[in-house]
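Novice: This one is final.txt, compact mmCIF, C-alpha atoms.
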```
# COMPACT_ATOMS: atom_id res chain seq x y z
CA MET B 1 -42.98 22.89 46.03
CA GLU B 2 -46.28 22.29 47.77
CA ILE B 3 -49.70 23.94 47.64
CA ARG B 4 -49.51 24.69 51.36
CA GLN B 5 -46.30 26.67 50.80
CA LEU B 6 -47.95 28.76 48.10
CA ASN B 7 -50.96 29.31 50.34
CA SER B 8 -48.75 30.41 53.25
CA PHE B 9 -46.76 32.71 50.98
CA CYS B 10 -49.92 34.42 49.70
CA TRP B 11 -51.32 34.89 53.21
CA ILE B 12 -48.12 36.64 54.27
CA VAL B 13 -48.38 38.96 51.26
CA GLN B 14 -52.02 39.76 51.98
CA SER B 15 -51.57 40.36 55.71
CA GLY B 16 -48.10 41.89 55.58
CA SER B 17 -47.27 40.13 58.81
CA LEU B 18 -45.86 36.72 59.60
CA LYS B 19 -47.80 36.59 62.86
CA ASP B 20 -51.17 37.41 61.27
CA ALA B 21 -50.58 34.99 58.40
CA ALA B 22 -49.68 32.23 60.86
CA LYS B 23 -53.13 32.58 62.49
CA HIS B 24 -54.87 32.12 59.14
CA CYS B 25 -52.73 29.07 58.36
CA PHE B 26 -53.15 27.56 61.86
CA LEU B 27 -49.36 27.48 62.28
CA THR B 28 -46.87 29.04 64.63
CA PRO B 29 -44.88 31.98 63.20
CA SER B 30 -41.71 29.88 63.40
CA ALA B 31 -43.29 27.00 61.45
CA LEU B 32 -44.55 29.42 58.81
CA SER B 33 -41.12 31.02 58.58
CA LEU B 34 -39.56 27.61 57.93
CA GLN B 35 -42.02 26.99 55.09
CA ILE B 36 -41.06 30.25 53.39
CA LYS B 37 -37.34 29.61 53.86
CA ALA B 38 -37.75 26.18 52.24
CA LEU B 39 -39.66 27.78 49.37
CA GLU B 40 -36.96 30.42 48.85
CA GLN B 41 -34.26 27.76 48.89
CA GLU B 42 -36.10 25.71 46.28
CA LEU B 43 -36.56 28.78 44.05
CA ALA B 44 -33.08 30.15 44.80
CA LEU B 45 -34.76 33.53 45.20
CA LYS B 46 -35.40 36.00 47.99
CA LEU B 47 -39.16 36.57 48.12
CA PHE B 48 -39.44 38.97 51.07
CA ALA B 49 -37.47 41.89 52.45
CA HIS B 50 -37.90 43.21 56.00
CA LYS B 51 -39.11 46.82 56.36
CA GLY B 52 -39.17 47.31 60.11
CA ARG B 53 -41.75 44.81 61.40
CA LYS B 54 -43.37 44.51 58.01
CA LEU B 55 -42.51 42.08 55.26
CA GLU B 56 -42.47 43.42 51.74
CA LEU B 57 -42.12 41.57 48.48
CA THR B 58 -38.92 41.76 46.54
CA PRO B 59 -39.28 42.35 42.77
CA GLU B 60 -38.90 38.61 42.25
CA GLY B 61 -41.45 38.02 45.00
CA GLU B 62 -44.00 40.24 43.23
CA ILE B 63 -43.70 38.20 40.05
CA PHE B 64 -43.92 34.96 41.98
CA TYR B 65 -47.02 36.21 43.88
CA VAL B 66 -48.94 36.77 40.63
CA GLU B 67 -48.11 33.27 39.43
CA ALA B 68 -48.81 31.70 42.84
CA ARG B 69 -52.27 33.27 42.89
CA LYS B 70 -52.97 31.78 39.45
CA VAL B 71 -52.03 28.32 40.72
CA LEU B 72 -54.16 28.61 43.86
CA ASN B 73 -57.12 29.94 41.90
CA SER B 74 -56.81 26.99 39.51
CA VAL B 75 -56.75 24.57 42.44
CA GLU B 76 -59.88 26.15 43.94
CA GLU B 77 -61.61 26.05 40.57
CA ALA B 78 -60.74 22.37 40.21
CA LYS B 79 -62.14 21.66 43.67
CA GLU B 80 -65.42 23.40 42.85
CA LYS B 81 -65.78 21.61 39.54
CA THR B 82 -65.16 18.27 41.23
CA LYS B 83 -67.69 19.03 43.97
CA ASN B 84 -70.29 20.14 41.44
CA HIS B 85 -69.62 17.05 39.31
CA ALA B 86 -70.07 14.74 42.28
CA ALA B 87 -73.23 16.61 43.30
CA ASP B 88 -74.78 15.77 39.90
CA PHE B 89 -74.82 12.12 40.96
CA SER B 90 -77.29 11.01 43.63
CA GLY B 91 -79.94 8.42 44.39
CA LYS B 92 -79.79 4.78 45.41
CA ILE B 93 -78.15 1.77 43.79
CA SER B 94 -78.56 -1.86 44.84
CA LEU B 95 -76.10 -4.45 43.58
CA ALA B 96 -76.33 -8.19 44.28
CA ALA B 97 -73.13 -10.23 44.15
CA PRO B 98 -71.62 -13.49 45.47
CA ALA B 99 -68.81 -13.50 48.02
CA CYS B 100 -65.83 -13.88 45.65
CA LEU B 101 -66.85 -10.91 43.50
CA ARG B 102 -67.79 -8.75 46.47
CA TYR B 103 -64.32 -9.44 47.83
CA TYR B 104 -62.52 -8.69 44.55
CA TYR B 105 -64.43 -5.50 43.75
CA LEU B 106 -64.46 -4.14 47.32
CA PRO B 107 -61.70 -1.55 46.59
CA SER B 108 -63.74 -0.30 43.60
CA PHE B 109 -66.87 0.02 45.73
CA ALA B 110 -64.90 1.94 48.36
CA ARG B 111 -63.47 4.35 45.77
CA PHE B 112 -66.93 4.87 44.30
CA ARG B 113 -68.43 5.68 47.71
CA ALA B 114 -65.64 8.18 48.41
CA ALA B 115 -65.99 9.86 45.00
CA TYR B 116 -69.81 10.06 45.07
CA PRO B 117 -70.98 10.32 48.68
CA ALA B 118 -74.48 11.46 47.62
CA ILE B 119 -75.14 8.05 46.05
CA LYS B 120 -76.34 5.41 48.48
CA LEU B 121 -74.78 2.14 47.33
CA SER B 122 -76.15 -1.07 48.84
CA ILE B 123 -74.14 -4.26 48.24
CA LEU B 124 -76.32 -7.33 48.73
CA ALA B 125 -74.82 -10.73 49.54
CA ARG B 126 -76.48 -13.18 47.17
CA SER B 127 -75.61 -16.42 45.40
CA HIS B 128 -75.11 -16.46 41.64
CA ALA B 129 -78.61 -17.90 41.13
CA ASP B 130 -80.24 -15.36 43.43
CA ALA B 131 -78.36 -12.54 41.70
CA ILE B 132 -79.99 -13.55 38.40
CA SER B 133 -83.46 -13.60 39.96
CA MET B 134 -82.98 -10.20 41.56
CA ALA B 135 -81.79 -8.65 38.30
CA ARG B 136 -84.81 -10.05 36.47
CA SER B 137 -87.33 -8.94 39.09
CA GLY B 138 -85.77 -5.54 39.62
CA ASP B 139 -85.13 -6.20 43.31
CA ALA B 140 -81.52 -5.32 42.50
CA ASP B 141 -80.57 -2.63 40.00
CA LEU B 142 -77.42 -4.53 39.03
CA ALA B 143 -76.08 -8.01 39.72
CA MET B 144 -72.76 -9.80 39.42
CA GLY B 145 -72.09 -13.47 39.06
CA LEU B 146 -70.14 -16.31 37.45
CA PHE B 147 -72.71 -17.32 34.88
CA PRO B 148 -72.04 -20.32 32.57
CA HIS B 149 -74.52 -19.16 29.91
CA SER B 150 -75.63 -15.90 28.35
CA PHE B 151 -79.11 -14.48 28.93
CA VAL B 152 -81.56 -13.49 26.21
CA ASP B 153 -83.56 -11.29 28.58
CA LEU B 154 -80.77 -9.46 30.41
CA GLU B 155 -78.05 -7.04 29.39
CA GLU B 156 -74.52 -8.24 30.16
CA ILE B 157 -71.16 -6.58 30.68
CA PRO B 158 -68.08 -8.86 30.83
CA LEU B 159 -65.92 -8.60 33.94
CA ILE B 160 -62.96 -10.67 35.16
CA THR B 161 -62.37 -14.37 34.51
CA PRO B 162 -61.38 -16.07 37.79
CA LYS B 163 -58.94 -18.97 37.52
CA LEU B 164 -59.49 -22.00 39.69
CA THR B 165 -56.51 -22.64 41.94
CA LEU B 166 -55.58 -25.65 44.03
CA ILE B 167 -54.43 -24.82 47.53
CA ILE B 168 -52.41 -27.33 49.53
CA PRO B 169 -51.53 -26.74 53.19
CA ARG B 170 -47.82 -26.44 53.77
CA ARG B 171 -48.22 -28.57 56.88
CA GLY B 172 -50.34 -31.57 57.80
CA VAL B 173 -51.24 -32.92 54.33
CA ARG B 174 -48.94 -35.00 52.13
CA PHE B 175 -49.28 -34.25 48.44
CA THR B 176 -46.31 -35.37 46.38
CA PHE B 177 -47.61 -35.54 42.78
CA ARG B 178 -45.36 -33.70 40.35
CA GLN B 179 -48.04 -33.56 37.68
CA ILE B 180 -51.58 -32.83 38.76
CA GLY B 181 -54.60 -33.99 36.81
CA LEU B 182 -58.11 -35.20 37.59
CA LYS B 183 -56.87 -38.69 38.50
CA GLU B 184 -54.43 -37.32 41.09
CA LEU B 185 -57.07 -34.98 42.51
CA SER B 186 -59.60 -37.81 42.79
CA GLN B 187 -57.27 -39.58 45.23
CA GLN B 188 -57.19 -36.68 47.69
CA PRO B 189 -59.67 -35.47 50.33
CA MET B 190 -61.13 -32.28 48.88
CA VAL B 191 -62.67 -29.13 50.34
CA LEU B 192 -65.01 -27.61 47.76
CA LEU B 193 -67.71 -25.01 47.30
CA GLN B 194 -71.34 -26.12 47.60
CA PRO B 195 -72.95 -28.00 44.67
CA VAL B 196 -75.31 -25.07 43.97
CA THR B 197 -72.42 -22.84 42.86
CA THR B 198 -71.25 -22.36 39.28
CA THR B 199 -67.70 -23.27 40.28
CA ARG B 200 -68.74 -26.58 41.80
CA ALA B 201 -70.77 -27.38 38.69
CA VAL B 202 -67.63 -26.83 36.57
CA ILE B 203 -65.58 -29.14 38.83
CA ASP B 204 -68.27 -31.86 39.04
CA GLY B 205 -68.73 -31.79 35.27
CA ALA B 206 -65.03 -32.32 34.61
CA PHE B 207 -64.88 -35.35 36.92
CA ARG B 208 -68.04 -36.88 35.45
CA LYS B 209 -66.69 -36.46 31.92
CA SER B 210 -63.59 -38.45 32.92
CA ASN B 211 -65.63 -41.08 34.81
CA LEU B 212 -63.89 -40.19 38.06
CA LYS B 213 -65.27 -39.58 41.52
CA MET B 214 -64.14 -36.93 43.99
CA ARG B 215 -63.55 -37.34 47.68
CA ALA B 216 -65.52 -34.32 48.91
CA GLU B 217 -64.33 -34.24 52.52
CA MET B 218 -66.06 -30.96 53.33
CA GLU B 219 -68.14 -28.31 51.57
CA ALA B 220 -68.00 -24.58 52.17
CA SER B 221 -70.04 -21.53 51.20
CA THR B 222 -67.10 -19.24 50.34
CA CYS B 223 -63.47 -19.43 49.28
CA VAL B 224 -62.48 -17.81 52.56
CA GLU B 225 -64.14 -20.69 54.39
CA ILE B 226 -62.32 -23.21 52.18
CA LYS B 227 -58.98 -21.61 53.06
CA ARG B 228 -59.79 -21.91 56.75
CA TYR B 229 -60.57 -25.65 56.43
CA VAL B 230 -57.52 -26.34 54.28
CA ALA B 231 -55.28 -24.49 56.74
CA SER B 232 -56.62 -26.90 59.38
CA ALA B 233 -55.33 -29.83 57.26
CA ILE B 234 -58.79 -31.22 56.49
CA GLY B 235 -57.83 -31.67 52.85
CA ILE B 236 -56.79 -29.79 49.74
CA GLY B 237 -59.08 -27.14 48.30
CA ILE B 238 -60.06 -25.43 45.07
CA ILE B 239 -60.73 -21.69 45.16
CA HIS B 240 -60.78 -18.70 42.83
CA ASP B 241 -57.42 -17.02 42.35
CA ILE B 242 -59.04 -13.63 43.10
CA CYS B 243 -59.60 -14.83 46.66
CA LEU B 244 -55.91 -15.37 47.35
CA GLU B 245 -54.21 -12.87 49.65
CA PRO B 246 -50.50 -12.07 50.03
CA ASP B 247 -50.18 -13.84 53.39
CA ASP B 248 -51.72 -17.02 51.94
CA ASN B 249 -48.32 -17.82 50.44
CA SER B 250 -47.02 -18.70 53.89
CA ARG B 251 -49.92 -21.09 54.52
CA PHE B 252 -50.47 -22.78 51.15
CA ARG B 253 -48.82 -24.11 48.06
CA THR B 254 -50.87 -23.17 45.00
CA VAL B 255 -51.34 -24.77 41.58
CA ASN B 256 -53.13 -23.12 38.67
CA LEU B 257 -55.93 -25.43 37.46
CA GLU B 258 -57.30 -23.38 34.56
CA ASN B 259 -56.20 -26.05 32.05
CA ILE B 260 -58.18 -28.67 33.94
CA PHE B 261 -61.21 -26.57 34.89
CA PRO B 262 -61.91 -23.76 32.39
CA HIS B 263 -63.97 -21.25 34.34
CA PRO B 264 -66.77 -19.01 33.03
CA ARG B 265 -66.25 -15.27 33.01
CA ALA B 266 -67.87 -13.04 35.60
CA ARG B 267 -70.51 -10.69 34.25
CA LEU B 268 -72.47 -7.69 35.38
CA ILE B 269 -76.14 -8.03 34.43
CA TYR B 270 -79.23 -5.86 34.57
CA ASN B 271 -82.79 -5.85 33.25
CA PRO B 272 -82.94 -3.85 29.98
CA SER B 273 -86.41 -2.60 30.92
CA LYS B 274 -84.81 -0.65 33.76
CA SER B 275 -83.69 2.88 32.91
CA LEU B 276 -80.12 3.31 34.07
CA THR B 277 -79.31 6.67 35.64
CA ALA B 278 -76.02 8.54 35.41
CA SER B 279 -75.22 7.14 38.86
CA HIS B 280 -75.68 3.54 37.68
CA LYS B 281 -73.46 4.16 34.67
CA LYS B 282 -70.79 5.75 36.82
CA LEU B 283 -70.67 2.69 39.10
CA MET B 284 -70.40 0.49 36.03
CA GLU B 285 -67.39 2.54 34.89
CA PHE B 286 -65.64 1.92 38.21
CA VAL B 287 -66.32 -1.82 38.02
CA ARG B 288 -65.24 -2.16 34.40
CA PHE B 289 -62.03 -0.24 35.07
CA ALA B 290 -61.14 -2.71 37.85
CA SER B 291 -61.83 -5.61 35.50
CA GLY B 292 -58.98 -4.59 33.22
```
In C-alpha cells, write the structure found in this file.
Specialist:
Amino acid sequence: MEIRQLNSFCWIVQSGSLKDAAKHCFLTPSALSLQIKALEQELALKLFAHKGRKLELTPEGEIFYVEARKVLNSVEEAKEKTKNHAADFSGKISLAAPACLRYYYLPSFARFRAAYPAIKLSILARSHADAISMARSGDADLAMGLFPHSFVDLEEIPLITPKLTLIIPRRGVRFTFRQIGLKELSQQPMVLLQPVTTTRAVIDGAFRKSNLKMRAEMEASTCVEIKRYVASAIGIGIIHDICLEPDDNSRFRTVNLENIFPHPRARLIYNPSKSLTASHKKLMEFVRFASG
C-alpha cells in the first residue's frame, strides 16, 4: 500500500467522480482506476460501488476512508514538522579540511546540505597545518585533520582513524615479497605524499627509526594523485584506506600497513572561544555519525 494510493482514494471520495479526481492527481482516469483496483485487491475489499455515473463508498470503504484520512493527515503533519525543524537552522558554516577527509565525508556533507538547505556550508580545501591555523584564528568555524598531537587551546572531537595501505599496480611493477616490512619497502620505488603532511611524517619517522632510507620516486599532494602515478607503473604507493574506491581493486593489489605505520586519528577541532550555534552542532552530529 502506498501513500499515493491513499491520496487518490480520498480524492475520489471527495469529488465523487473518477474523472474529477484524476485531474487533481494529475493522472488519467484509467491510471487512477488501476490504482484503486490494486488497492482493493491488496485489501481484499470492495471500496466503491457505482451509482449511475457516481461512485459511492461501500460500508467497508467508509471505514477505510476515515482511517486513510488519519494516515494522510499524519503524513502532512510530519512534513510540516520537518520543514519547521529545518527552518530553525540557518546561517553560514565554514569548514577547513584536507583532501582525504573531504573525500571521505563528502556523502555526509551532501546529506547535511539536503536536510538543511537554509544553512550555507562552505568546505575549504586546506592542508592539515592550515586547518589548525584557521581554527585558531577563526577564519574557519570548524576544521578537520590528521593531527599527531592534542591541542591545549582547541576543542577536539575524535573522528575516523585512517589505515595506511600499500597499493601495487597489477601490471608494470614486479613486487614478489611474501612478507612486507620496512626493509622490503626500502628496496622499491615509492610514490608518497608530500613531506609537509602528517602521513608522510609518520612514514619518514618509521624509516628513520629503523635506520633505513626510502626511494621516493615521486611525491604527490593527494591520495588520488598517488593512485594515478601508481597506475602508470611509476612505483608502489602508500595511501589512506578511506581513499580506496571499489574499482581500484581491478587496478591495484593492496596490503594493510597499520602494523608498520600506526596512523593518528582524524579529529574535528574548533576554537572554544567561538560560540557554536545549533547549525554548527547539527553538522557535527552528521560528521560524528559517519565516523562510526
Novice: I'd like the contact shell of Phe175 of chain B - 9 Å cut-off, all atoms listed in the file, skipping same-chain residues fewer than 5 positions apart - returned as a VMD selection string.
Specialist: chain B and resid 168 188 236
Novice: Using only C-alpha atoms, which residue out of B:Val173, B:Ile157, B:Val255, B:Ile260 lies closest to Lys281 of chain B?
Specialist: B:Ile157
Novice: Which residue is closest to Glu42 of chain B? Choose from B:Asp130, B:Glu258, B:Asp247, B:Glu2 and count all atoms listed in the file.
Specialist: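 Ranking B:Asp130, B:Glu258, B:Asp247, B:Glu2 by distance to Glu42 of chain B, first place goes to B:Glu2.
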Novice: Which of these residues is nearest to Ser250 of chain B, using all atoms listed in the file: B:Val13, B:Arg170, B:Ala78, B:Ile269?
Specialist: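 That would be B:Arg170, the residue with the smallest distance to Ser250 of chain B.
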Novice: When you look at Leu142 of chain B with a cut-off of 7 Å (counting all atoms listed in the file), what residues show up, excluding the ones that are within fewer than 5 positions of it in the same chain? I need them as a PyMOL selection string.
Specialist: chain B and resi 94-96+135+268-270
Novice: Quick one: segment 33-51 of chain B with N, CA and C atoms, as a tab-separated table (two decimals), keeping the file's coordinate frame?
Specialist:
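Listed below is the output, rebuild24.tsv:
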```
chain	number	residue	atom	x	y	z
B	33	SER	N	-42.40	30.49	59.04
B	33	SER	CA	-41.12	31.02	58.58
B	33	SER	C	-40.28	29.93	57.92
B	34	LEU	N	-40.31	28.73	58.50
B	34	LEU	CA	-39.56	27.61	57.93
B	34	LEU	C	-40.10	27.23	56.55
B	35	GLN	N	-41.43	27.28	56.39
B	35	GLN	CA	-42.02	26.99	55.09
B	35	GLN	C	-41.51	27.95	54.02
B	36	ILE	N	-41.48	29.24	54.36
B	36	ILE	CA	-41.06	30.25	53.39
B	36	ILE	C	-39.57	30.11	53.07
B	37	LYS	N	-38.78	29.81	54.09
B	37	LYS	CA	-37.34	29.61	53.86
B	37	LYS	C	-37.11	28.43	52.91
B	38	ALA	N	-37.88	27.35	53.12
B	38	ALA	CA	-37.75	26.18	52.24
B	38	ALA	C	-38.16	26.52	50.81
B	39	LEU	N	-39.20	27.36	50.69
B	39	LEU	CA	-39.66	27.78	49.37
B	39	LEU	C	-38.61	28.64	48.68
B	40	GLU	N	-38.00	29.57	49.41
B	40	GLU	CA	-36.96	30.42	48.85
B	40	GLU	C	-35.73	29.61	48.44
B	41	GLN	N	-35.40	28.61	49.23
B	41	GLN	CA	-34.26	27.76	48.89
B	41	GLN	C	-34.53	26.98	47.61
B	42	GLU	N	-35.75	26.48	47.47
B	42	GLU	CA	-36.10	25.71	46.28
B	42	GLU	C	-36.06	26.60	45.03
B	43	LEU	N	-36.52	27.85	45.18
B	43	LEU	CA	-36.56	28.78	44.05
B	43	LEU	C	-35.21	29.46	43.82
B	44	ALA	N	-34.35	29.42	44.85
B	44	ALA	CA	-33.08	30.15	44.80
B	44	ALA	C	-33.32	31.63	44.61
B	45	LEU	N	-34.37	32.13	45.28
B	45	LEU	CA	-34.76	33.53	45.20
B	45	LEU	C	-35.12	34.06	46.58
B	46	LYS	N	-34.95	35.34	46.77
B	46	LYS	CA	-35.40	36.00	47.99
B	46	LYS	C	-36.77	36.59	47.70
B	47	LEU	N	-37.79	36.13	48.40
B	47	LEU	CA	-39.16	36.57	48.12
B	47	LEU	C	-39.57	37.78	48.95
B	48	PHE	N	-39.05	37.89	50.17
B	48	PHE	CA	-39.44	38.97	51.07
B	48	PHE	C	-38.21	39.77	51.52
B	49	ALA	N	-38.48	41.03	51.82
B	49	ALA	CA	-37.47	41.89	52.45
B	49	ALA	C	-38.12	42.51	53.68
B	50	HIS	N	-37.38	42.64	54.77
B	50	HIS	CA	-37.90	43.21	56.00
B	50	HIS	C	-37.86	44.74	55.94
B	51	LYS	N	-38.99	45.38	56.23
B	51	LYS	CA	-39.11	46.82	56.36
B	51	LYS	C	-39.65	47.10	57.76
```
